[in-house]
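S.K.: Structure incoming, see below.
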2 protein chains.
Amino acid sequence: MSNYIRYSYEQLEKFCIDCFNKFGFSGDESRIITDVLLLSDLYGIESHGMQRLVRYHKGIEKGLIKIDAKPEVVFETPVSAVIEGNDGMGQLVSHKAMNLAIEKAKKTGMAIVTVRNSNHFGIAGYYAKMACDNGLIGMAMTNSEAIMVPTFGRLAMLGSNPIAISMPAEPYDFFFDASTTVVTRGKLEIYNKLNKPLPDGWALDAKGKGSSDASDVLKNIVAKNGGGIMPLGGETEQSGSHKGYGYGMFCEIFCSILSQGLTSNHTHTGGKGGTCHGFIAIDPKVFGDAAAIKEHLSTFLKELRESPKSEGQTRIYTHGEKEIIAKADRLENGIDVNINTVKEMFDMCSYVGLNPVDYLGDVKFEDASESSYN
Amino acid sequence: MSNYIRYSYEQLEKFCIDCFNKFGFSGDESRIITDVLLLSDLYGIESHGMQRLVRYHKGIEKGLIKIDAKPEVVFETPVSAVIEGNDGMGQLVSHKAMNLAIEKAKKTGMAIVTVRNSNHFGIAGYYAKMACDNGLIGMAMTNSEAIMVPTFGRLAMLGSNPIAISMPAEPYDFFFDASTTVVTRGKLEIYNKLNKPLPDGWALDAKGKGSSDASDVLKNIVAKNGGGIMPLGGETEQSGSHKGYGYGMFCEIFCSILSQGLTSNHTHTGGKGGTCHGFIAIDPKVFGDAAAIKEHLSTFLKELRESPKSEGQTRIYTHGEKEIIAKADRLENGIDVNINTVKEMFDMCSYVGLNPVDYLGDVKFEDASESSYN
């Protein structure tokens, strides 16, 4: 692992909190942002933790993310709300929005909060988990800069449009968080940093043909030259491309459509992020005995894990299991951060006027290639 | 098309209504069942219309479907209900359940109705459309006999678990209805009737290895020998198998978990169907101006259709467009029914004591192979 440096959770936490503090966020705000980002690294979703910091750094630098923005509730009923994000930091707008959904759902049984004019919010699962930690079913979704090419198209029109859902269960909660594209842009960024060719069935070039060139696809996405990532289900209807595209639309409905915000194809244009999110909280109590419902889910998850394995496989995972295992491991043994990402973290430290060596140690960057993000 | 016979909508409608009437359903009930089944054929979802009749016939014959069952609301709040289906005909239980969700959503803004101990309900989209026709966002889901093998497994544990969502738009509503498996069992039944090998990435044999043999896979599903259909996203995590499996779980939560009914792996055992459904209705009005929201969605759908096409493609569809086109064509020109399916319809007519020739004409069955369903 010569291309990785291992840090403890506490080291990365201190680094993040101090950096975001220096950017101008309050102590509480910096802690919320840090908590979202580091849960991603703890859960093994490397693409959305430290690896993604450079995008927040650039977003703040370019003015897409406004540090002192205050999100406002602009429409509200007992079961719903629309929040105007005022170009605030996505994690802060979303933390407020999901808390509002939870508060409403505890009173009425269920609630949907839709958000416009926000920014990248980290992993959707973080917010679904907030509801789950309150004994509710939580869902969280976001649109994003367009990266998904619709079936038979050649221009990215939808975002990675993840849908997360979490629900209380024993011994670990059900936790599903996935983009509606085959893979996320973050996954392409990792392949690019590792100089690895992309597998078939992931990405399209500017003409709408299959491509294994991560660097080219990423550049085309930024320049809006055409091409991008395929929907879950790949390129053709035979493998279910129209289904991933449909789930992408599902996400768009709860984010940009209900909030009357920017659809993915219009976000990240004209010096504006404009990202939209959707949050749903549902109290199982409105369907009967919540403890019995939780037990019923736990039984099914256990049956799935214990069901017969395919030849050569030793384990069937239920959603959330891998994340719990990864978290325990990383809290004990530390988090490996790619050397190129560490370089970006050094840049960010210097930008805000902190000494990176104090936080991240004395690192030699011979192995690091150029930063992939511009 | 020598293997197909073309019938007018009215011919099939009369055939269906009279058959279900003869089974013992009331006139109104027979019309609801017929409307669900024929919308499927009109929409070009051949697998769930006349092709599926034999399963209802067998279900009634075996006592899985109880003709005089009365669904009961066993738990209720202003935003939710749990319905005990009492082994009734899925279409009738579901029609009542979605009507209840619509009624509640019109008062409170949104509602979820979950159903247990029902039977196969036809296409999920029918019920999502019911809400959409009332100006609401509609969602419908169902579990089913286990056919989906979880990632790394070899035994089917989840159903085809379709999720449908529909929302008002111009010139045609958004309408997405898809199984969370790569394809449905109905698609395998069609390949079997046509004696065509299955494409790669669809199905698994009893050991959990890829299979192109539709007949073998279908027999194994019925006998619960192992094997089945892959989740959307195929066999490996690289192509997103765990995501299709996750959407299958999403569906299961709103159907079997919240209703405390049978999870897919326990349905269709011991002479019982036990199918569970979930229905959601959401009034866009609780997010602001419903007309403006509808226009916003319509604009995005138009942008998608008009976006640049991949080399060699002439058209990008939005969800619901193909169905509207198919419906207009079939209402005008008739509906093609596979000869093997017509044979099953003849059998059903004779079973209930009607003369099939009166409804379906004088058909020669030299071309028909054995019925695929036992």
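Following the order of the structure tokens, chains are lettered A, B, ..., residues in each are numbered from 1, and ligands are numbered from 1.
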Considering only C-alpha atoms, return as a CSV table (one decimal) with N, CA and C atoms, in the first residue's frame whatever protein or nucleic-acid residues lie within 9 Å of Met148 of chain B, sequence-local ones (same chain, fewer than 2 positions apart) excluded.

M.R.:
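File produced: result_11.csv:
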```csv
chain,number,residue,atom,x,y,z
B,146,ALA,N,-40.6,-16.1,-4.9
B,146,ALA,CA,-39.2,-15.8,-5.0
B,146,ALA,C,-38.6,-16.2,-6.4
B,150,PRO,N,-30.3,-13.4,-4.6
B,150,PRO,CA,-29.5,-12.2,-4.1
B,150,PRO,C,-28.0,-12.4,-4.5
B,155,LEU,N,-30.0,-19.4,-4.3
B,155,LEU,CA,-31.5,-19.7,-4.1
B,155,LEU,C,-32.3,-18.4,-4.3
B,156,ALA,N,-33.3,-18.5,-5.0
B,156,ALA,CA,-34.2,-17.3,-5.1
B,156,ALA,C,-34.8,-16.9,-3.8
B,157,MET,N,-34.7,-15.7,-3.4
B,157,MET,CA,-35.1,-15.3,-2.0
B,157,MET,C,-36.1,-14.1,-2.1
B,158,LEU,N,-36.0,-13.3,-3.2
B,158,LEU,CA,-36.9,-12.2,-3.4
B,158,LEU,C,-37.7,-12.4,-4.7
B,159,GLY,N,-38.8,-11.7,-4.8
B,159,GLY,CA,-39.6,-11.8,-6.0
B,159,GLY,C,-39.1,-10.9,-7.1
B,160,SER,N,-39.8,-10.8,-8.2
B,160,SER,CA,-39.5,-9.8,-9.2
B,160,SER,C,-39.6,-8.4,-8.7
B,161,ASN,N,-40.4,-8.2,-7.6
B,161,ASN,CA,-40.4,-7.0,-6.8
B,161,ASN,C,-40.4,-5.7,-7.6
B,180,THR,N,-37.4,-5.3,-10.3
B,180,THR,CA,-36.0,-5.0,-9.8
B,180,THR,C,-35.1,-6.1,-10.1
B,181,THR,N,-35.6,-7.2,-10.8
B,181,THR,CA,-34.8,-8.2,-11.5
B,181,THR,C,-34.4,-7.6,-12.8
B,227,GLY,N,-31.3,-21.4,-8.2
B,227,GLY,CA,-31.3,-20.7,-9.4
B,227,GLY,C,-32.5,-19.7,-9.5
B,228,GLY,N,-32.5,-18.9,-10.6
B,228,GLY,CA,-33.6,-18.0,-10.7
B,228,GLY,C,-33.1,-16.8,-11.6
B,229,ILE,N,-33.6,-15.7,-11.3
B,229,ILE,CA,-33.3,-14.5,-12.2
B,229,ILE,C,-32.4,-13.6,-11.4
B,230,MET,N,-31.4,-12.9,-12.1
B,230,MET,CA,-30.5,-12.0,-11.5
B,230,MET,C,-31.1,-10.7,-11.1
B,231,PRO,N,-30.6,-10.0,-10.1
B,231,PRO,CA,-31.1,-8.7,-9.8
B,231,PRO,C,-30.8,-7.8,-11.0
B,245,TYR,N,-30.6,-5.8,-6.2
B,245,TYR,CA,-30.9,-6.5,-4.9
B,245,TYR,C,-31.4,-5.5,-3.9
B,248,GLY,N,-34.8,-4.4,-4.8
B,248,GLY,CA,-35.7,-5.5,-4.4
B,248,GLY,C,-36.1,-5.4,-2.9
```

S.K.: Could you go through segment 76-286 of chain A and tell me which residues DSSP, when run on the backbone, assigns to alpha helix (DSSP H), listing them as number ranges by chain?

M.R.: A: 90-108, 124-132, 185-193, 214-223, 241-252

S.K.: Excluding Glu303 of chain B and its own-chain neighbours fewer than 2 positions away, which residues fall within 12 Å of it when counting only C-alpha atoms? Please give them as a ChimeraX atom specification.

M.R.: /A:150,153,155-158,263-266 /B:296-301,305-308,316-318

S.K.: Restricting the calculation to only C-alpha atoms, which member of A:Leu92, A:Leu198, A:Val115, A:Val79 is positioned closest to Leu37 of chain A?

M.R.: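 Ranked by minimum distance to Leu37 of chain A, first place goes to A:Leu92.
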
S.K.: Which of these, A:Lys106, A:Lys14, A:His57, A:Lys207, has the shortest distance to chain B once you count only C-alpha atoms?

M.R.: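 For chain B, the nearest of the candidates is A:Lys207.
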
S.K.: Could you check how far atom CA of Pro284 of chain A sits from atom CA of Ile137 of chain B, in Å to one decimal?

M.R.: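 Between atom CA of Pro284 of chain A and atom CA of Ile137 of chain B the gap is 21.3 Å.
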
S.K.: DSSP on the backbone, then: every residue of segment 171-228 of chain B marked strand (DSSP E or B), written as a PyMOL selection string.

M.R.: chain B and resi 174-178+181+203-204+210-211+227-228

S.K.: Quick one: pull the distance between atom CA of Ser239 of chain A and atom CA of Ile165 of chain A, Å, one decimal.

M.R.: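 Distance reported for this atom pair: 24.2 Å.
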
S.K.: For each of A:Asn225, A:Asn21, A:Ser80, A:Ser144, take the minimum atom-to-atom distance to chain B, counting only C-alpha atoms, then give the residue where this is smallest.

M.R.: A:Ser80

S.K.: Atom CA of Ile67 of chain A and atom CA of Val357 of chain A, how far apart in Å?

M.R.: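 Between atom CA of Val357 of chain A and atom CA of Ile67 of chain A the gap is 25.8 Å.
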
S.K.: Counting only C-alpha atoms, a student should be able to say which residues of chain B come within 7 Å of chain A; what is the right answer, written as a PyMOL selection string?

M.R.: chain B and resi 75+77+79-82+109+151-155+157+176+178+182+207-208+232-233+239-240+243+246+257-260+284+286-288+293+296-297+304+307-311+313+315-316
